[in-house]
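Chemist: Contents of work-v2.cif (mmCIF, N, CA and C atoms) are given next:
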data_structure
#
loop_
_atom_site.label_atom_id
_atom_site.label_comp_id
_atom_site.auth_asym_id
_atom_site.auth_seq_id
_atom_site.Cartn_x
_atom_site.Cartn_y
_atom_site.Cartn_z
N LYS A 1 0.86 -1.20 0.00
CA LYS A 1 0.00 0.00 0.00
C LYS A 1 0.89 1.24 0.00
N ASN A 2 0.38 2.30 -0.59
CA ASN A 2 1.19 3.52 -0.63
C ASN A 2 0.65 4.58 0.33
N PHE A 3 1.30 5.72 0.34
CA PHE A 3 0.98 6.79 1.30
C PHE A 3 -0.41 7.37 1.11
N LEU A 4 -1.07 7.15 -0.01
CA LEU A 4 -2.40 7.71 -0.24
C LEU A 4 -3.52 6.88 0.38
N HIS A 5 -3.25 5.66 0.72
CA HIS A 5 -4.32 4.79 1.18
C HIS A 5 -5.00 5.27 2.46
N GLU A 6 -4.25 5.65 3.44
CA GLU A 6 -4.85 6.05 4.72
C GLU A 6 -5.75 7.29 4.58
N PRO A 7 -5.29 8.36 3.91
CA PRO A 7 -6.19 9.51 3.74
C PRO A 7 -7.46 9.15 2.96
N LEU A 8 -7.36 8.26 2.00
CA LEU A 8 -8.54 7.86 1.23
C LEU A 8 -9.56 7.16 2.11
N LYS A 9 -9.11 6.42 3.08
CA LYS A 9 -10.01 5.69 3.98
C LYS A 9 -10.87 6.63 4.83
N GLU A 10 -10.45 7.88 4.96
CA GLU A 10 -11.21 8.85 5.74
C GLU A 10 -12.39 9.41 4.97
N LEU A 11 -12.41 9.22 3.67
CA LEU A 11 -13.49 9.75 2.83
C LEU A 11 -14.61 8.74 2.72
N SER A 12 -15.83 9.23 2.71
CA SER A 12 -16.98 8.35 2.50
C SER A 12 -18.01 9.08 1.64
N ILE A 13 -17.60 9.38 0.43
CA ILE A 13 -18.47 10.05 -0.52
C ILE A 13 -18.49 9.23 -1.81
N PRO A 14 -19.60 9.27 -2.54
CA PRO A 14 -19.62 8.55 -3.82
C PRO A 14 -18.50 9.08 -4.71
N SER A 15 -17.72 8.18 -5.27
CA SER A 15 -16.57 8.58 -6.08
C SER A 15 -16.50 7.71 -7.32
N LEU A 16 -16.15 8.35 -8.42
CA LEU A 16 -15.93 7.65 -9.68
C LEU A 16 -14.44 7.67 -9.98
N ILE A 17 -13.88 6.49 -10.16
CA ILE A 17 -12.46 6.37 -10.48
C ILE A 17 -12.37 5.99 -11.96
N LEU A 18 -11.80 6.86 -12.76
CA LEU A 18 -11.60 6.59 -14.18
C LEU A 18 -10.15 6.18 -14.38
N TRP A 19 -9.94 5.04 -15.06
CA TRP A 19 -8.58 4.50 -15.17
C TRP A 19 -8.36 3.90 -16.54
N GLY A 20 -7.20 4.17 -17.11
CA GLY A 20 -6.85 3.57 -18.40
C GLY A 20 -6.24 2.19 -18.22
N TRP A 21 -6.74 1.22 -18.99
CA TRP A 21 -6.20 -0.14 -18.90
C TRP A 21 -4.73 -0.20 -19.26
N GLN A 22 -4.27 0.71 -20.11
CA GLN A 22 -2.88 0.68 -20.55
C GLN A 22 -2.02 1.69 -19.79
N ASP A 23 -2.45 2.12 -18.64
CA ASP A 23 -1.67 3.06 -17.82
C ASP A 23 -0.42 2.35 -17.33
N THR A 24 0.75 2.85 -17.74
CA THR A 24 2.01 2.26 -17.30
C THR A 24 2.63 3.05 -16.15
N VAL A 25 2.10 4.23 -15.87
CA VAL A 25 2.60 5.05 -14.76
C VAL A 25 2.02 4.53 -13.45
N THR A 26 0.71 4.39 -13.42
CA THR A 26 0.02 3.80 -12.27
C THR A 26 -0.89 2.69 -12.82
N PRO A 27 -0.42 1.46 -12.79
CA PRO A 27 -1.15 0.33 -13.39
C PRO A 27 -2.54 0.13 -12.78
N PRO A 28 -3.41 -0.55 -13.51
CA PRO A 28 -4.79 -0.75 -13.06
C PRO A 28 -4.96 -1.36 -11.67
N TYR A 29 -4.02 -2.15 -11.21
CA TYR A 29 -4.19 -2.73 -9.87
C TYR A 29 -4.23 -1.63 -8.79
N ILE A 30 -3.63 -0.49 -9.08
CA ILE A 30 -3.68 0.64 -8.13
C ILE A 30 -5.12 1.15 -8.01
N ALA A 31 -5.85 1.17 -9.12
CA ALA A 31 -7.26 1.59 -9.08
C ALA A 31 -8.06 0.72 -8.14
N GLU A 32 -7.79 -0.58 -8.17
CA GLU A 32 -8.49 -1.51 -7.27
C GLU A 32 -8.16 -1.19 -5.81
N GLU A 33 -6.91 -0.87 -5.54
CA GLU A 33 -6.52 -0.50 -4.17
C GLU A 33 -7.25 0.77 -3.74
N PHE A 34 -7.34 1.75 -4.65
CA PHE A 34 -8.06 2.98 -4.32
C PHE A 34 -9.53 2.69 -4.05
N ARG A 35 -10.15 1.83 -4.89
CA ARG A 35 -11.55 1.51 -4.70
C ARG A 35 -11.78 0.85 -3.34
N GLU A 36 -10.86 0.02 -2.91
CA GLU A 36 -10.98 -0.63 -1.61
C GLU A 36 -10.92 0.39 -0.47
N CYS A 37 -10.17 1.45 -0.66
CA CYS A 37 -10.02 2.47 0.39
C CYS A 37 -11.17 3.47 0.41
N LEU A 38 -11.69 3.81 -0.76
CA LEU A 38 -12.74 4.82 -0.88
C LEU A 38 -14.11 4.18 -0.75
N LYS A 39 -14.75 4.39 0.38
CA LYS A 39 -16.10 3.85 0.57
C LYS A 39 -17.04 4.47 -0.47
N GLY A 40 -17.85 3.66 -1.08
CA GLY A 40 -18.83 4.17 -2.04
C GLY A 40 -18.25 4.52 -3.39
N SER A 41 -17.10 3.98 -3.73
CA SER A 41 -16.50 4.31 -5.03
C SER A 41 -16.74 3.21 -6.04
N GLN A 42 -16.62 3.58 -7.29
CA GLN A 42 -16.69 2.61 -8.37
C GLN A 42 -15.61 2.96 -9.40
N ILE A 43 -15.17 1.95 -10.13
CA ILE A 43 -14.13 2.13 -11.14
C ILE A 43 -14.73 1.92 -12.52
N GLU A 44 -14.32 2.76 -13.43
CA GLU A 44 -14.60 2.55 -14.84
C GLU A 44 -13.25 2.53 -15.55
N TYR A 45 -12.95 1.40 -16.19
CA TYR A 45 -11.71 1.27 -16.94
C TYR A 45 -11.96 1.65 -18.40
N LEU A 46 -11.01 2.35 -18.98
CA LEU A 46 -11.12 2.74 -20.37
C LEU A 46 -10.12 1.95 -21.21
N GLU A 47 -10.63 1.33 -22.27
CA GLU A 47 -9.79 0.56 -23.18
C GLU A 47 -8.94 1.48 -24.04
N ASP A 48 -7.79 0.97 -24.44
CA ASP A 48 -6.88 1.73 -25.31
C ASP A 48 -6.59 3.10 -24.72
N CYS A 49 -6.33 3.15 -23.44
CA CYS A 49 -6.13 4.41 -22.73
C CYS A 49 -5.01 4.25 -21.72
N GLY A 50 -4.19 5.29 -21.61
CA GLY A 50 -3.06 5.27 -20.70
C GLY A 50 -3.32 6.03 -19.42
N HIS A 51 -2.40 6.91 -19.07
CA HIS A 51 -2.37 7.56 -17.76
C HIS A 51 -3.33 8.74 -17.61
N VAL A 52 -3.78 9.33 -18.70
CA VAL A 52 -4.62 10.54 -18.59
C VAL A 52 -5.93 10.35 -19.38
N PRO A 53 -6.86 9.59 -18.81
CA PRO A 53 -8.11 9.32 -19.52
C PRO A 53 -8.86 10.57 -19.99
N SER A 54 -8.89 11.60 -19.18
CA SER A 54 -9.65 12.80 -19.56
C SER A 54 -9.06 13.49 -20.79
N PHE A 55 -7.80 13.29 -21.04
CA PHE A 55 -7.15 13.86 -22.22
C PHE A 55 -7.22 12.89 -23.41
N GLU A 56 -7.02 11.62 -23.11
CA GLU A 56 -6.97 10.62 -24.18
C GLU A 56 -8.35 10.21 -24.69
N LYS A 57 -9.33 10.19 -23.80
CA LYS A 57 -10.69 9.76 -24.13
C LYS A 57 -11.71 10.72 -23.53
N PRO A 58 -11.67 12.00 -23.91
CA PRO A 58 -12.54 12.99 -23.24
C PRO A 58 -14.04 12.70 -23.39
N GLN A 59 -14.48 12.27 -24.56
CA GLN A 59 -15.92 12.03 -24.74
C GLN A 59 -16.39 10.84 -23.91
N GLU A 60 -15.58 9.80 -23.85
CA GLU A 60 -15.95 8.64 -23.05
C GLU A 60 -15.96 8.99 -21.56
N CYS A 61 -14.99 9.77 -21.13
CA CYS A 61 -14.95 10.21 -19.73
C CYS A 61 -16.18 11.04 -19.40
N LEU A 62 -16.53 11.95 -20.28
CA LEU A 62 -17.70 12.80 -20.06
C LEU A 62 -18.96 11.94 -19.94
N ARG A 63 -19.11 10.96 -20.81
CA ARG A 63 -20.27 10.07 -20.77
C ARG A 63 -20.33 9.32 -19.43
N LEU A 64 -19.18 8.83 -18.99
CA LEU A 64 -19.14 8.08 -17.72
C LEU A 64 -19.42 9.00 -16.52
N ILE A 65 -18.89 10.20 -16.55
CA ILE A 65 -19.11 11.15 -15.46
C ILE A 65 -20.58 11.56 -15.40
N GLU A 66 -21.16 11.86 -16.55
CA GLU A 66 -22.58 12.24 -16.58
C GLU A 66 -23.45 11.11 -16.04
N GLY A 67 -23.16 9.88 -16.44
CA GLY A 67 -23.93 8.74 -15.94
C GLY A 67 -23.78 8.58 -14.44
N PHE A 68 -22.59 8.77 -13.94
CA PHE A 68 -22.33 8.66 -12.51
C PHE A 68 -23.10 9.75 -11.74
N LEU A 69 -23.10 10.95 -12.25
CA LEU A 69 -23.78 12.06 -11.57
C LEU A 69 -25.31 11.89 -11.60
N ARG A 70 -25.82 11.24 -12.62
CA ARG A 70 -27.26 11.03 -12.70
C ARG A 70 -27.74 10.00 -11.68
N ARG A 71 -26.88 9.08 -11.27
CA ARG A 71 -27.29 8.03 -10.33
C ARG A 71 -27.39 8.54 -8.93
#
Could I get this file's structure written as structure tokens?
Modeler:
Amino acid sequence: KNFLHEPLKELSIPSLILWGWQDTVTPPYIAEEFRECLKGSQIEYLEDCGHVPSFEKPQECLRLIEGFLRR
């Protein structure tokens, strides 16, 4: 576990984690660790996407964010 895990455990708000499957900076297993720490969070993985989903796949990110906010 890294230094971010403990502060994340203090949060309990609905959270959307967007993650690129091809992220080589912070691999997808880190997203799972974050989801375990953040109560009420969910992960959406983006195919053919690296470290910056909002830049690499802006329309898909927007669609996922809008869907999350509607729920």
Chemist: Interatomic distance between atom C of Cys37 of chain A and atom CA of Ile17 of chain A?
Modeler: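 Atom C of Cys37 of chain A sits 11.3 Å away from atom CA of Ile17 of chain A.
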Chemist: Check the smallest atom-to-atom distance from each of A:Leu18, A:Leu8, A:Leu69, A:Leu46 to Ala31 of chain A using only N, CA and C atoms, then report the winner.
Modeler: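 Checking each of A:Leu18, A:Leu8, A:Leu69, A:Leu46 against Ala31 of chain A, counting only N, CA and C atoms, the winner is A:Leu18.
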Chemist: Nearest to Gln22 of chain A among A:His51, A:Lys57, A:Arg63, A:Arg70, with distances taken over only C-alpha atoms: which residue is it?
Modeler: A:His51
Chemist: So what do you get for atom C of Pro53 of chain A versus atom N of Asp23 of chain A, distance-wise?
Modeler: 10.7 Å
Chemist: Can you tell me, as an NGL selection string, what residues are no more than 9 Å from segment 40-44 of chain A when counting only C-alpha atoms, ignoring any on the same chain fewer than 2 positions away?
Modeler: :A and (12-20 or 31-32 or 34-38 or 46 or 64)
Chemist: Rank A:Pro58, A:Glu66, A:Thr26, A:Gly50 by their smallest atom-to-atom distance to Asn2 of chain A, using only C-alpha atoms, and report the top residue only.
Modeler: A:Thr26
Chemist: Write out as a PyMOL selection string all residues of chain A that backbone DSSP assigns to strand (DSSP E or B).
Modeler: chain A and resi 15-20+41-46
Chemist: Please determine an axis-aligned box that encloses all atoms of segment 12-18 of chain A listed in the file, with 8 Å added on each side, and express its centre and edge lengths in Å to one decimal as JSON.
Modeler:
{"center_x": -14.9, "center_y": 8.0, "center_z": -5.8, "size_x": 25.5, "size_y": 20.1, "size_z": 33.1}
Chemist: Please report the interatomic distance between atom CA of Glu47 of chain A and atom CA of Trp21 of chain A in Å with one decimal.
Modeler: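 Going from atom CA of Glu47 of chain A over to atom CA of Trp21 of chain A covers 5.6 Å.
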Chemist: Find the residue from A:Lys39, A:Asp48, A:Gly67, A:Glu60 that sits nearest to Glu10 of chain A; use only N, CA and C atoms when measuring.
Modeler: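 Checking each of A:Lys39, A:Asp48, A:Gly67, A:Glu60 against Glu10 of chain A, counting only N, CA and C atoms, the winner is A:Lys39.
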